[in-house]
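Asker: Just passing along the structure, written as structure tokens.
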Amino acid sequence: MNQTEINYRIVEIFETLQGEGFNTGMPSIFIRFGKCNLACPWCDTNYNQFEMMSLTAILTKVALFSARNIIITGGEPTIQPHIEILLDALKQQGYFLAIETNGLKPVPPQIDYIATSPKRLYQKNYLKHHIPTANEVRIVVDGDVLDFCEQIENSIQAQRYYLSPCEQNGEMNMLATITQLGRLNQRPNKPRWQLSIQTHKIAGIA
Ligand SMILES: Nc1nc2[nH]cc(C(=O)O)c2c(=O)[nH]1
Ligand code: SF4
Ligand SMILES: [Mg+2]
């Protein structure tokens, strides 16, 4: 296929600060891809409202911004066909490439930094398939996630593990989150879990 003819499912492309995890505050260009292989009831993204954009149009849009860090997100970006061709082109422009993935499908080799957010509601899927490693794991506290956290820390090797409050109807379940954080960190000789908040929502930015 002629590379300039490839079209991608794009929800939005925008520049802001990374709001979550270890790289919180890092100026970043977000490329948000359409579609997802899961359907979390509390999902905050309209991943089915996308337009098709050509490789050239994406590169042109990205070049309008000044950040050197690109965050590939969604939806679920690993199910986007031909993503590796776009990633090759972005790498050629010298960008640092980070991804936000649910961790069920392999991550393309061009990615420099993996943040994965496995979903408790799909716990059984992660027994069958999951990425083997990540730079950071973030689990959203949408209920009692302790058993799921143990499963994931035993199956996905990561530098850092985070719990994130779940935002539903405009409220963040902070008490449930820090309570479970404490329970995890009470265990001897286990990975330490830290707090990751969606700081962009509190700061009122994208
Ligand atoms: N500021 C900001 N940081 C983010 N980190 C991950 C995001 C996502 O939607 O994947 C996100 C987002 O939507 N906004
Ligand atoms: S995996 Fe992420 S994008 Fe997909 S439905 Fe769940 S929260 Fe939404
Ligand atoms: Mg978001």
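In the structure tokens, the first chain shown is A, the next is B, and so on; residue numbers restart at 1 for each chain, and ligands run from 1 in the order shown.
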Set the cut-off to 6 Å, count only C-alpha atoms and all ligand atoms, and list whatever residues fall near ligand 2 as an NGL selection string.
Answerer: :A and (36 or 38-40 or 43 or 74-76 or 102)
Asker: With all heavy atoms retained, write the just-selected residues as a compact mmCIF listing (two decimals), in the first residue's frame.
Answerer:
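The resulting again.txt:
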# COMPACT_ATOMS: atom_id res chain seq x y z
N CYS A 36 -12.12 0.80 20.59
CA CYS A 36 -11.52 0.11 21.72
C CYS A 36 -11.95 -1.34 21.70
O CYS A 36 -13.04 -1.66 21.20
CB CYS A 36 -11.92 0.77 23.04
SG CYS A 36 -10.99 0.11 24.45
N LEU A 38 -12.33 -2.93 24.54
CA LEU A 38 -13.07 -3.10 25.79
C LEU A 38 -14.19 -2.06 25.82
O LEU A 38 -14.27 -1.21 24.93
CB LEU A 38 -12.15 -2.91 27.01
CG LEU A 38 -10.96 -3.89 27.11
CD1 LEU A 38 -10.12 -3.60 28.34
CD2 LEU A 38 -11.44 -5.33 27.11
N ALA A 39 -15.04 -2.12 26.83
CA ALA A 39 -16.14 -1.15 26.96
C ALA A 39 -16.38 -0.89 28.45
O ALA A 39 -17.39 -1.32 29.01
CB ALA A 39 -17.39 -1.68 26.27
N CYS A 40 -15.45 -0.19 29.08
CA CYS A 40 -15.58 0.10 30.51
C CYS A 40 -16.74 1.08 30.72
O CYS A 40 -16.80 2.11 30.04
CB CYS A 40 -14.28 0.70 31.02
SG CYS A 40 -12.83 -0.29 30.58
N CYS A 43 -15.79 4.78 31.22
CA CYS A 43 -14.84 5.37 30.27
C CYS A 43 -15.16 6.85 30.04
O CYS A 43 -16.33 7.21 29.89
CB CYS A 43 -14.91 4.63 28.94
SG CYS A 43 -13.74 5.26 27.72
N GLY A 74 -6.15 6.51 23.27
CA GLY A 74 -7.41 6.19 22.62
C GLY A 74 -8.57 6.45 23.56
O GLY A 74 -8.45 7.27 24.45
N GLY A 75 -9.59 5.56 23.44
CA GLY A 75 -9.64 4.30 22.75
C GLY A 75 -8.44 3.41 23.10
O GLY A 75 -7.79 3.61 24.09
N GLU A 76 -8.27 2.41 22.26
CA GLU A 76 -7.13 1.52 22.44
C GLU A 76 -6.24 1.59 21.20
O GLU A 76 -6.60 1.07 20.14
CB GLU A 76 -7.61 0.09 22.70
CG GLU A 76 -6.50 -0.93 22.80
CD GLU A 76 -5.37 -0.52 23.74
OE1 GLU A 76 -5.63 -0.04 24.85
OE2 GLU A 76 -4.20 -0.66 23.34
N ASN A 102 -4.44 -0.49 27.26
CA ASN A 102 -5.04 -1.36 28.28
C ASN A 102 -4.23 -2.64 28.49
O ASN A 102 -4.53 -3.43 29.38
CB ASN A 102 -6.52 -1.65 28.00
CG ASN A 102 -6.76 -2.38 26.68
OD1 ASN A 102 -5.95 -3.19 26.25
ND2 ASN A 102 -7.90 -2.08 26.04
Asker: Residues near A:Asn135, anyone? I mean within 8 Å using only C-alpha atoms, not counting same-chain ones fewer than 3 positions away, as a PyMOL selection string.
Answerer: chain A and resi 113-115+158-160
Asker: Write the selection just made, keeping all heavy atoms, as a compact mmCIF listing (two decimals), in the first residue's frame?
Answerer:
# COMPACT_ATOMS: atom_id res chain seq x y z
N TYR A 113 8.05 4.50 25.79
CA TYR A 113 7.57 4.49 27.18
C TYR A 113 6.14 3.94 27.22
O TYR A 113 5.24 4.46 26.57
CB TYR A 113 7.59 5.91 27.77
CG TYR A 113 7.35 5.95 29.26
CD1 TYR A 113 8.42 5.95 30.15
CD2 TYR A 113 6.06 5.96 29.78
CE1 TYR A 113 8.20 5.96 31.53
CE2 TYR A 113 5.83 5.97 31.15
CZ TYR A 113 6.91 5.97 32.01
OH TYR A 113 6.70 5.98 33.37
N ILE A 114 5.96 2.88 28.01
CA ILE A 114 4.65 2.22 28.06
C ILE A 114 3.97 2.49 29.39
O ILE A 114 4.48 2.12 30.46
CB ILE A 114 4.78 0.69 27.88
CG1 ILE A 114 5.50 0.36 26.57
CG2 ILE A 114 3.41 0.01 27.93
CD1 ILE A 114 5.81 -1.14 26.39
N ALA A 115 2.80 3.13 29.34
CA ALA A 115 1.91 3.21 30.51
C ALA A 115 0.73 2.31 30.20
O ALA A 115 0.06 2.48 29.17
CB ALA A 115 1.46 4.65 30.73
N ALA A 158 6.88 -4.16 35.88
CA ALA A 158 6.90 -2.71 35.64
C ALA A 158 7.84 -2.01 36.62
O ALA A 158 8.13 -2.54 37.70
CB ALA A 158 5.50 -2.13 35.77
N GLN A 159 8.30 -0.81 36.21
CA GLN A 159 9.14 -0.02 37.12
C GLN A 159 8.30 0.59 38.23
O GLN A 159 8.79 0.81 39.33
CB GLN A 159 9.84 1.10 36.33
CG GLN A 159 10.93 0.59 35.40
CD GLN A 159 11.28 1.63 34.33
OE1 GLN A 159 10.46 1.96 33.48
NE2 GLN A 159 12.49 2.14 34.41
N ARG A 160 7.04 0.91 37.91
CA ARG A 160 6.17 1.57 38.89
C ARG A 160 4.74 1.06 38.76
O ARG A 160 4.28 0.78 37.66
CB ARG A 160 6.16 3.08 38.65
CG ARG A 160 7.53 3.67 38.73
CD ARG A 160 7.57 5.14 38.35
NE ARG A 160 8.97 5.53 38.25
CZ ARG A 160 9.71 5.43 37.15
NH1 ARG A 160 9.17 5.01 36.02
NH2 ARG A 160 10.98 5.78 37.17
Asker: For ligand 3, which residue among A:Gln3, A:Ala57, A:Thr101, A:Thr133 is the nearest when counting only C-alpha atoms and all ligand atoms?
Answerer: A:Thr101
Asker: Which residues are near ligand 1 in this structure, taking near to mean any atom at most 9 Å from a ligand atom and counting only C-alpha atoms and all ligand atoms? Format them as a count of residues only.
Answerer: 29
Asker: Could you please determine the separation between atom CA of A:Ile83 and atom CA of A:Pro118 in Å, to one decimal place?
Answerer: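 These atoms are spaced 20.8 Å apart.
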Asker: Excluding A:Val62 and any residue of its chain fewer than 3 positions from it, enumerate the residues within 9 Å of it, using only C-alpha atoms, and give them as a ChimeraX atom specification.
Answerer: /A:13-15,29-31,57-59,65-66,70
Asker: So that I can check the surroundings of A:Lys124, please list as an MDAnalysis selection string every protein, DNA and RNA residue that reaches within 12 Å of it, counting only C-alpha atoms and ignoring chain neighbours fewer than 4 positions away.
Answerer: chainID A and resid 104 118:120 128:130 147:148 151:152
Asker: Can you pull out every residue within 8 Å of A:Leu86, counting only C-alpha atoms, but drop anything in the same chain fewer than 4 positions away, and send it as number ranges by chain?
Answerer: A: 55, 82, 90
Asker: Between atom CA of A:Ile139 and atom CA of A:Tyr162, measure the distance and give it in Å to one decimal.
Answerer: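 Computing it gives 6.3 Å between the two atoms.
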Asker: Please identify the strand (DSSP E) residues within stretch 35-185 of chain A (assignment by DSSP from backbone atoms) and present them as a ChimeraX atom specification.
Answerer: /A:51-54,69-73,96-101,113-116,133-141,157-165,167-168,171-172
Asker: With distances taken over only C-alpha atoms, which of A:Ser196, A:Leu97, A:Asp142, A:Met26 is nearest to A:Glu167?
Answerer: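 Closest to A:Glu167 of all the choices is A:Asp142.
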Asker: Pick the closest to ligand 3 from A:Thr179, A:Asn46, A:Ser155, A:Ser54: which is it, counting only C-alpha atoms and all ligand atoms?
Answerer: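 So, comparing all the options, the nearest one is A:Asn46.
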Asker: Among stretch 39-186 of chain A, which ones does DSSP assign to helix (DSSP H, G or I) (computed from the backbone)? Answer as a PyMOL selection string.
Answerer: chain A and resi 55-62+77-79+83-92+120-122+125-128+146-155+174-185
Asker: Using N, CA and C atoms, can you write the selected residues to a file as a compact mmCIF listing (two decimals), in the first residue's frame?
Answerer:
# COMPACT_ATOMS: atom_id res chain seq x y z
N LEU A 55 -1.97 9.87 6.84
CA LEU A 55 -0.65 9.96 7.47
C LEU A 55 -0.09 11.37 7.35
N THR A 56 -0.17 11.92 6.15
CA THR A 56 0.36 13.27 5.90
C THR A 56 -0.37 14.32 6.72
N ALA A 57 -1.70 14.19 6.80
CA ALA A 57 -2.49 15.17 7.56
C ALA A 57 -2.13 15.10 9.06
N ILE A 58 -1.90 13.90 9.57
CA ILE A 58 -1.51 13.75 10.98
C ILE A 58 -0.15 14.40 11.23
N LEU A 59 0.80 14.12 10.35
CA LEU A 59 2.16 14.69 10.53
C LEU A 59 2.11 16.21 10.46
N THR A 60 1.28 16.75 9.57
CA THR A 60 1.15 18.21 9.43
C THR A 60 0.57 18.81 10.70
N LYS A 61 -0.46 18.16 11.25
CA LYS A 61 -1.10 18.68 12.47
C LYS A 61 -0.13 18.64 13.66
N VAL A 62 0.56 17.52 13.80
CA VAL A 62 1.50 17.35 14.91
C VAL A 62 2.60 18.42 14.85
N PRO A 77 -5.08 2.24 21.32
CA PRO A 77 -4.25 2.48 20.13
C PRO A 77 -3.64 1.22 19.51
N THR A 78 -3.47 0.15 20.30
CA THR A 78 -2.79 -1.03 19.73
C THR A 78 -3.66 -1.80 18.73
N ILE A 79 -4.96 -1.45 18.64
CA ILE A 79 -5.81 -2.12 17.64
C ILE A 79 -5.94 -1.30 16.36
N ILE A 83 -0.48 1.16 12.50
CA ILE A 83 0.04 2.21 13.40
C ILE A 83 1.55 2.28 13.32
N GLU A 84 2.20 1.16 13.03
CA GLU A 84 3.68 1.15 13.03
C GLU A 84 4.25 2.04 11.93
N ILE A 85 3.49 2.23 10.85
CA ILE A 85 3.97 3.10 9.77
C ILE A 85 3.96 4.56 10.23
N LEU A 86 2.90 4.95 10.93
CA LEU A 86 2.83 6.30 11.50
C LEU A 86 3.92 6.48 12.57
N LEU A 87 4.12 5.48 13.40
CA LEU A 87 5.12 5.59 14.46
C LEU A 87 6.53 5.72 13.87
N ASP A 88 6.81 4.99 12.79
CA ASP A 88 8.11 5.13 12.11
C ASP A 88 8.31 6.56 11.63
N ALA A 89 7.26 7.14 11.06
CA ALA A 89 7.36 8.52 10.54
C ALA A 89 7.59 9.50 11.69
N LEU A 90 6.91 9.30 12.82
CA LEU A 90 7.08 10.20 13.98
C LEU A 90 8.47 10.06 14.58
N LYS A 91 8.97 8.83 14.64
CA LYS A 91 10.33 8.57 15.15
C LYS A 91 11.36 9.27 14.30
N GLN A 92 11.11 9.22 12.98
CA GLN A 92 12.03 9.87 12.03
C GLN A 92 12.12 11.37 12.29
N ARG A 120 -9.97 -4.10 35.68
CA ARG A 120 -10.47 -5.15 36.59
C ARG A 120 -11.69 -5.87 36.04
N LEU A 121 -12.58 -5.12 35.38
CA LEU A 121 -13.81 -5.74 34.85
C LEU A 121 -13.52 -6.84 33.84
N TYR A 122 -12.33 -6.81 33.29
CA TYR A 122 -11.93 -7.80 32.29
C TYR A 122 -10.80 -8.68 32.81
N ASN A 125 -9.71 -11.81 30.98
CA ASN A 125 -8.98 -11.62 29.71
C ASN A 125 -7.48 -11.54 29.96
N TYR A 126 -7.10 -10.93 31.11
CA TYR A 126 -5.67 -10.73 31.40
C TYR A 126 -4.99 -12.02 31.85
N LEU A 127 -5.79 -13.07 32.13
CA LEU A 127 -5.18 -14.38 32.41
C LEU A 127 -4.69 -15.00 31.11
N LYS A 128 -5.37 -14.67 30.00
CA LYS A 128 -5.03 -15.26 28.70
C LYS A 128 -3.99 -14.45 27.94
N LEU A 146 -7.98 -5.25 44.79
CA LEU A 146 -6.77 -5.81 45.43
C LEU A 146 -6.33 -7.12 44.78
N ASP A 147 -7.27 -8.02 44.56
CA ASP A 147 -6.94 -9.30 43.93
C ASP A 147 -6.40 -9.09 42.51
N PHE A 148 -7.02 -8.17 41.79
CA PHE A 148 -6.57 -7.86 40.43
C PHE A 148 -5.16 -7.26 40.45
N CYS A 149 -4.88 -6.38 41.41
CA CYS A 149 -3.54 -5.78 41.52
C CYS A 149 -2.49 -6.87 41.72
N GLU A 150 -2.81 -7.87 42.54
CA GLU A 150 -1.85 -8.96 42.78
C GLU A 150 -1.63 -9.75 41.49
N GLN A 151 -2.72 -10.02 40.78
CA GLN A 151 -2.59 -10.75 39.51
C GLN A 151 -1.69 -9.98 38.54
N ILE A 152 -1.91 -8.67 38.45
CA ILE A 152 -1.16 -7.86 37.48
C ILE A 152 0.30 -7.68 37.90
N GLU A 153 0.57 -7.46 39.18
CA GLU A 153 1.98 -7.28 39.58
C GLU A 153 2.76 -8.59 39.40
N ASN A 154 2.04 -9.73 39.42
CA ASN A 154 2.69 -11.03 39.18
C ASN A 154 2.84 -11.34 37.70
N SER A 155 2.17 -10.59 36.83
CA SER A 155 2.22 -10.95 35.41
C SER A 155 2.78 -9.85 34.51
N MET A 174 -11.80 8.92 46.26
CA MET A 174 -10.46 9.05 46.85
C MET A 174 -10.27 8.16 48.08
N LEU A 175 -11.31 8.05 48.94
CA LEU A 175 -11.16 7.25 50.16
C LEU A 175 -10.95 5.78 49.82
N ALA A 176 -11.76 5.25 48.91
CA ALA A 176 -11.58 3.85 48.50
C ALA A 176 -10.19 3.64 47.90
N THR A 177 -9.70 4.64 47.19
CA THR A 177 -8.39 4.52 46.54
C THR A 177 -7.26 4.48 47.56
N ILE A 178 -7.25 5.43 48.49
CA ILE A 178 -6.12 5.43 49.43
C ILE A 178 -6.23 4.27 50.43
N THR A 179 -7.45 3.83 50.71
CA THR A 179 -7.61 2.67 51.60
C THR A 179 -6.96 1.43 50.97
N GLN A 180 -7.22 1.22 49.68
CA GLN A 180 -6.65 0.04 49.01
C GLN A 180 -5.15 0.19 48.79
N LEU A 181 -4.71 1.44 48.58
CA LEU A 181 -3.27 1.71 48.47
C LEU A 181 -2.56 1.27 49.75
N GLY A 182 -3.14 1.63 50.88
CA GLY A 182 -2.57 1.24 52.17
C GLY A 182 -2.53 -0.27 52.35
N ARG A 183 -3.60 -0.92 51.92
CA ARG A 183 -3.66 -2.39 52.05
C ARG A 183 -2.56 -3.04 51.21
N LEU A 184 -2.36 -2.54 50.00
CA LEU A 184 -1.32 -3.12 49.14
C LEU A 184 0.07 -2.92 49.75
N ASN A 185 0.30 -1.72 50.29
CA ASN A 185 1.64 -1.39 50.78
C ASN A 185 1.91 -1.94 52.18
Asker: Under the rule that only C-alpha atoms and all ligand atoms are counted, which of A:Ala63, A:Cys166, A:Ile156, A:Leu195 is the nearest residue to ligand 3?
Answerer: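 Result for the nearest residue to ligand 3: A:Cys166.
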Asker: Hey, which of A:Glu136, A:Lys190, A:Ile197, A:Gln80 ends up closest to A:Ser164? Count only C-alpha atoms.
Answerer: A:Ile197
